[in-house]
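Since the structure comes first, as structure tokens, the remarks are kept for the end.
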Amino acid sequence: MENVGSVTVIGGGVAGIQAALELAKLGMLVYLVEEKPSIGGRIIELNCSSCQLEVPMDCSICPVIPKMVECHNHSNIRLLTKTHVTGFSGAVGNFVLSVLKQPRFVHEDRCTGCGACAEKCPVEVFDAFNMVQGKKKAIYFPVPQAFPQIPVIDKENCVHFRNGNCKKCSEVCPTHAIDFSDEDMKIGIESDAVVLATGLSLYDPAAIREYGYKRYKNVITILDLEQMTSIHGLTGGRVVRISDQKKPRRIAFIQCVGSRSRRTGNNFCSGVCCLYTAKDAALVKMLLPETEVYVFYIDLRVFGKGYQELLNKVRNDLGVKYIRGRPGGIWEDPKTKDLIISYENTLIRRAEKLRVDMVVLSPALLPHPSNQKLAEILGLEVDEDGFFKSPNPVASPCDTTLEGVFTCGYCRGPRGIAESATQASAAAARVAETIALTKSRRVKR
Amino acid sequence: MNLEYSLFPGCVPSAREFSCEVSARKVFEALDVELHDVGDFTCCMPACLVHSFDYVTGLALTSRNFCVADEFNRDILTLCVSCYGNLSRAKKLMSENGDLRRRVDELLAAVGKSYGGKASVKHSVTVLYEDIGIESLKKNVTKTLKGIRAAPFYGCHLIRPREYLSFDDPAFPVKLDELIKVTGATSVMHRERAGCCIGCGSFFGEVAEEAALRLSVDILDSAREAEADCVIVTCPYCFLQIEMGQLLFKRRTGELYNLPVLHYTDLLGLSLGIEPKELGMDLHKIDPTPLLERIK
């Protein structure tokens with residue numbers, strides 16, 4: 001296919017993948033820059049379960065995996081994982097980006113993804129990502145569905161890097177792909193346009209001290225629950241209390257943890273929690289029909305097609321109990337590790353208490369912290385919350401304050417998976433338009 | 001040690017709950033801390049009083065107390081967490097909001113005063129923990145209260161709001177527990193330890209007695225579930241709510257919790273070897289005698 005232009009997409013989540021694919025299909029050369037070892041963004045942290053658990057629900061991750069594979073295999077897409085942007089110059093039509101690719105210590109061209117290295121690795125470390133998945137090796141796949149399907153060495157925990165005594169993974173590798181001498185690599189990328197799709201980060205709910213996250217074992221986040229209900233999670237898809245591995249008889253979900261709050265400064269609504277909480281409440285109810293499920297909410301913001309219907313079904317048919325009120329605190333019974341939630345039921349204006357076995361928090365979804373740094377490097381503007389600004393949010397929602405640089409997904413404002421993908425297509429269209437105009441301008445000259 | 005403070009007695013210790021002041025005076029005397037009486041202090045002016053119809057006047061009335069304290073060049077020591085909270089809030093506002101300070105000073109000029117902001121506000125418990133310190137308290141303990149299970153009740157405005165009250169963690173406070181352990185007693189974990197007794201809004205009890213009583217009963221249940229022998233409070237309002245709440249509950253239902261409520265200074269006083277009567281414990285409505293017998 002003729003190369004009709006080149007684009008750099010920063011961020012390999014749902015939005016970044018979608019934009020990259022659209023542009024690659026137009027014949028453009030796409031550099032997809034992702035700071036993690038695998039593309040897929042936040043979505044690969046969500047559960048992968050429903051088919052195995054025989055629950056009649058759509059899996060969170062299924063619709064995206066084919067796109068990840070396609071993106072990974074597309075001949076027009078150059079995937080740069082473990083990479084971040086360090087410098088930027090030029091103008092629309094000839095931007096130059098400097099990026100830094102951090103070492104993976106595994107040769108990407110040679111590795112076949114067989115996983116023999118991870119099996120032989122003698123180190124087991126606690127997985128920092130969540131409290132449920134638990135352990136990982138010092139050479140590991142970020143998630144089972146990682147793309148590229150290439151493991152990465154955790155330098156801090158690897159015995160080789162600590163004392164040079166271990167080469168087990170290297171010895172067992174059939175293609176000699178392990179390279180302990182791998183180093184930082186600086187790369188310059190020339191591209192006509194840039195798409196930002198940096199996505200989101202999670203608010204740390206431990207900062208809301210009264211909910212006791214990380215203090216009480218049975219207070220977990222929605223991502224922990226997603227991992228728990230994942231077939232590849234530590235519990236193999238079973239929902240259990242962390243404290244005693246028992247089946248919870250009562251679960252409470254708390255929404256808006258750290259969002260819509262003047263105290264945390266995150267005044268905005270994350271936009272997706274009401275819906276995914278309903279989905280996960282339904283999942284729990286289907287897995288454990290005897291379990292009572294409660295959801296604490298401020299108000300219910302479900303406005304997409306079919307969303308209200310799902311909520312109605314969850315409330316009316318599955319019997320999930322919704323309580324309007326933001327809990328004031330959680331107390332753990334020291335003996336049973338049960339949790340007592342204090343709250344005001346604002347519909348009947350009464351302060352009440354509820355004893356549950358497990359609490360699931362929906363933390364605020366914040367714009368990715370790298371936005372600030374990227375804005376400085378690229379010379380863009382971010383708003384007070386850290387989202388990229390558009391000169392005209394209504395007429396040109398994908399544009400930024402710099403011509404030739406576009407945004408899509410959560411980095412522009414709170415939105416769900418479907419809307420992020422839609423906007424990624426829109427951003428791709430804007431890129432194509434811009435490149436076409438730039439080229440015709442050149443021809444006229 | 002030579003610590004000196006201007007005592008801000010507050011209306012509740014002065015007019016309703018005398019034992020609070022009695023025990024504080026006795027304990028600080030035993031610890032060689034001088035509490036000076038300043039006749040000119042006025043009400044701390046809770047936010048629900050004058051503030052609600054004239055914010056600046058309310059703030060001026062609170063701030064006037066700082067002018068008085070500055071004349072004596074000593075920090076203010078309060079006995080009540082409501083006083084502690086209100087004075088701390090005023091101090092924060094006056095030091096951060098220049099416009100507000102100017103308007104308050106205009107009002108204070110009418111009584112020939114101007115806000116200087118030298119004196120800081122302390123509570124008897126913060127003085128014991130921060131200024132005197134756990135180690136030197138330990139040296140003064142002559143009688144260990146081993147075997148007493150004490151349920152701490154922190155009192156909202158000792159620890160909240162965190163914007164201007166930073167004595168301890170507002171959700172999981174520990175410092176009162178440490179102070180209880182100094183006496184040899186066991187500090188009991190219970191769910192309402194950082195709860196609210198609604199005492200600071202004492203008017204709330206007047207308009208919504210049922211709701212106020214429910215909170216008191218909740219605190220008592222919480223302490224009883226944790227098998228506590230007594231509740232330790234840092235504030236005369238909390239004391240009233242939790243102690244008088246028991247009498248009110250008995251009048252309603254016939255059931256008496258009979259859970260003695262002690263000021264922290266009572267507990268510390270006992271471990272310093274002070275007689276219960278000297279600490280004003282004979283004024284308590286829930287008789288602490290059975291508890292005291294166990295200490296002997």
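So you can find residues: chains in the structure tokens are A, B, ... in the order shown, residues in each start at 1, and ligands are numbered from 1 in order.
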Could you name the residues that touch A:Gln245 at 12 Å or less, counting only C-alpha atoms, but leaving out those on the same chain fewer than 5 positions away, as an mmCIF file with N, CA and C atoms, in the first residue's frame?
data_model
loop_
_atom_site.group_PDB
_atom_site.id
_atom_site.type_symbol
_atom_site.label_atom_id
_atom_site.label_comp_id
_atom_site.auth_asym_id
_atom_site.auth_seq_id
_atom_site.Cartn_x
_atom_site.Cartn_y
_atom_site.Cartn_z
ATOM 1 N N VAL A 132 -5.837 -8.931 44.578
ATOM 2 C CA VAL A 132 -6.468 -10.223 44.359
ATOM 3 C C VAL A 132 -5.580 -11.147 43.527
ATOM 4 N N LYS A 217 -9.365 -5.638 55.206
ATOM 5 C CA LYS A 217 -9.127 -6.568 54.096
ATOM 6 C C LYS A 217 -10.334 -6.710 53.190
ATOM 7 N N ASN A 218 -11.529 -6.599 53.744
ATOM 8 C CA ASN A 218 -12.713 -6.880 52.935
ATOM 9 C C ASN A 218 -13.263 -5.658 52.213
ATOM 10 N N MET A 228 -11.112 -10.548 40.536
ATOM 11 C CA MET A 228 -11.618 -11.700 41.272
ATOM 12 C C MET A 228 -12.567 -12.523 40.404
ATOM 13 N N LEU A 234 -6.647 -14.869 40.927
ATOM 14 C CA LEU A 234 -6.167 -15.794 41.946
ATOM 15 C C LEU A 234 -7.270 -16.732 42.440
ATOM 16 N N THR A 235 -8.502 -16.216 42.488
ATOM 17 C CA THR A 235 -9.584 -17.049 43.012
ATOM 18 C C THR A 235 -10.268 -17.834 41.893
ATOM 19 N N ARG A 238 -14.070 -17.042 41.496
ATOM 20 C CA ARG A 238 -14.979 -17.065 42.640
ATOM 21 C C ARG A 238 -14.942 -15.728 43.364
ATOM 22 N N VAL A 239 -16.121 -15.274 43.844
ATOM 23 C CA VAL A 239 -16.167 -14.052 44.634
ATOM 24 C C VAL A 239 -16.055 -14.456 46.100
ATOM 25 N N VAL A 240 -14.964 -14.038 46.743
ATOM 26 C CA VAL A 240 -14.763 -14.409 48.149
ATOM 27 C C VAL A 240 -14.315 -13.197 48.950
ATOM 28 N N LYS A 337 -14.500 -9.531 61.125
ATOM 29 C CA LYS A 337 -14.048 -8.800 59.931
ATOM 30 C C LYS A 337 -15.227 -8.370 59.044
ATOM 31 N N ASP A 357 -20.555 -8.174 54.497
ATOM 32 C CA ASP A 357 -19.350 -8.999 54.547
ATOM 33 C C ASP A 357 -18.219 -8.396 53.729
ATOM 34 N N MET A 358 -18.608 -7.555 52.775
ATOM 35 C CA MET A 358 -17.611 -7.088 51.816
ATOM 36 C C MET A 358 -18.089 -5.762 51.212
#
Which residues come within 8 Å of stretch 111-113 of chain B, counting only C-alpha atoms, excluding same-chain residues fewer than 6 positions away, as a PyMOL selection string?
chain B and resi 64+67+105
Would you save the residues of that selection, restricted to N, CA and C atoms, as a PDB file, in the first residue's frame?
ATOM      1  N   ARG B  64     -12.134  38.054  69.507  1.00  0.00           N
ATOM      2  CA  ARG B  64     -11.881  38.909  70.657  1.00  0.00           C
ATOM      3  C   ARG B  64     -11.125  38.137  71.733  1.00  0.00           C
ATOM      4  N   CYS B  67      -7.472  38.390  71.340  1.00  0.00           N
ATOM      5  CA  CYS B  67      -6.921  39.680  71.783  1.00  0.00           C
ATOM      6  C   CYS B  67      -6.662  39.630  73.286  1.00  0.00           C
ATOM      7  N   ASP B 105     -11.425  43.352  62.314  1.00  0.00           N
ATOM      8  CA  ASP B 105     -10.678  44.370  63.064  1.00  0.00           C
ATOM      9  C   ASP B 105     -11.467  45.670  63.190  1.00  0.00           C
TER      10      ASP B 105
END
Output as a ChimeraX atom specification the set of chain B residues within 12 Å of chain A, with distances taken over only C-alpha atoms.
/B:161-163,169-173,188-196,210-212,214-215,218,222,225-226
Between atom CA of B:Leu49 and atom CA of A:Ser261, what is the distance in Å, rounded to a tenth?
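It comes out at 27.4 Å.
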Got a sec: who's within 7 Å of stretch 399-403 of chain A, counting only C-alpha atoms, leaving out chain neighbours fewer than 6 positions off, as number ranges by chain?
A: 92, 380-381, 389-391
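Computed from the coordinates, the atom CA of B:Gly205 to atom CA of B:Gly245 distance equals 10.3 Å.
Separating atom CA of B:Ile232 from atom CA of B:Lys296 is a distance of 19.2 Å.
Running DSSP on the backbone and keeping only helix (DSSP H, G or I), the residues of stretch 179-226 of chain B that qualify are Leu179, Ile180, Lys181, Val182, Ser202, Phe203, Phe204, Gly205, Glu206, Val207, Glu209, Glu210, Ala211, Ala212, Leu213, Arg214, Leu215, Ser216, Val217, Asp218, Ile219, Leu220, Asp221, Ser222, Ala223, Arg224 and Glu225 of chain B.
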Written selection (C-alpha atoms) as a compact mmCIF listing (two decimals), in the first residue's frame:
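Okay, this is what ended up in out-v9.txt:
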# COMPACT_ATOMS: atom_id res chain seq x y z
CA LEU B 179 -2.81 8.43 76.41
CA ILE B 180 -5.10 5.79 77.90
CA LYS B 181 -2.33 3.21 77.78
CA VAL B 182 -0.12 5.56 79.80
CA SER B 202 -26.67 20.99 72.03
CA PHE B 203 -29.64 22.75 70.49
CA PHE B 204 -30.08 19.72 68.29
CA GLY B 205 -30.94 17.70 71.38
CA GLU B 206 -33.62 20.26 72.18
CA VAL B 207 -35.30 20.12 68.80
CA GLU B 209 -34.38 14.63 71.20
CA GLU B 210 -35.09 11.25 69.62
CA ALA B 211 -32.34 11.56 67.05
CA ALA B 212 -29.85 12.84 69.64
CA LEU B 213 -30.70 9.99 71.98
CA ARG B 214 -30.25 7.47 69.20
CA LEU B 215 -26.67 8.67 68.72
CA SER B 216 -25.93 8.43 72.44
CA VAL B 217 -27.35 4.92 72.58
CA ASP B 218 -25.32 3.94 69.55
CA ILE B 219 -22.11 5.04 71.25
CA LEU B 220 -23.09 3.15 74.40
CA ASP B 221 -23.93 0.02 72.41
CA SER B 222 -20.64 0.27 70.62
CA ALA B 223 -18.71 0.50 73.91
CA ARG B 224 -20.74 -2.28 75.51
CA GLU B 225 -20.26 -4.63 72.53
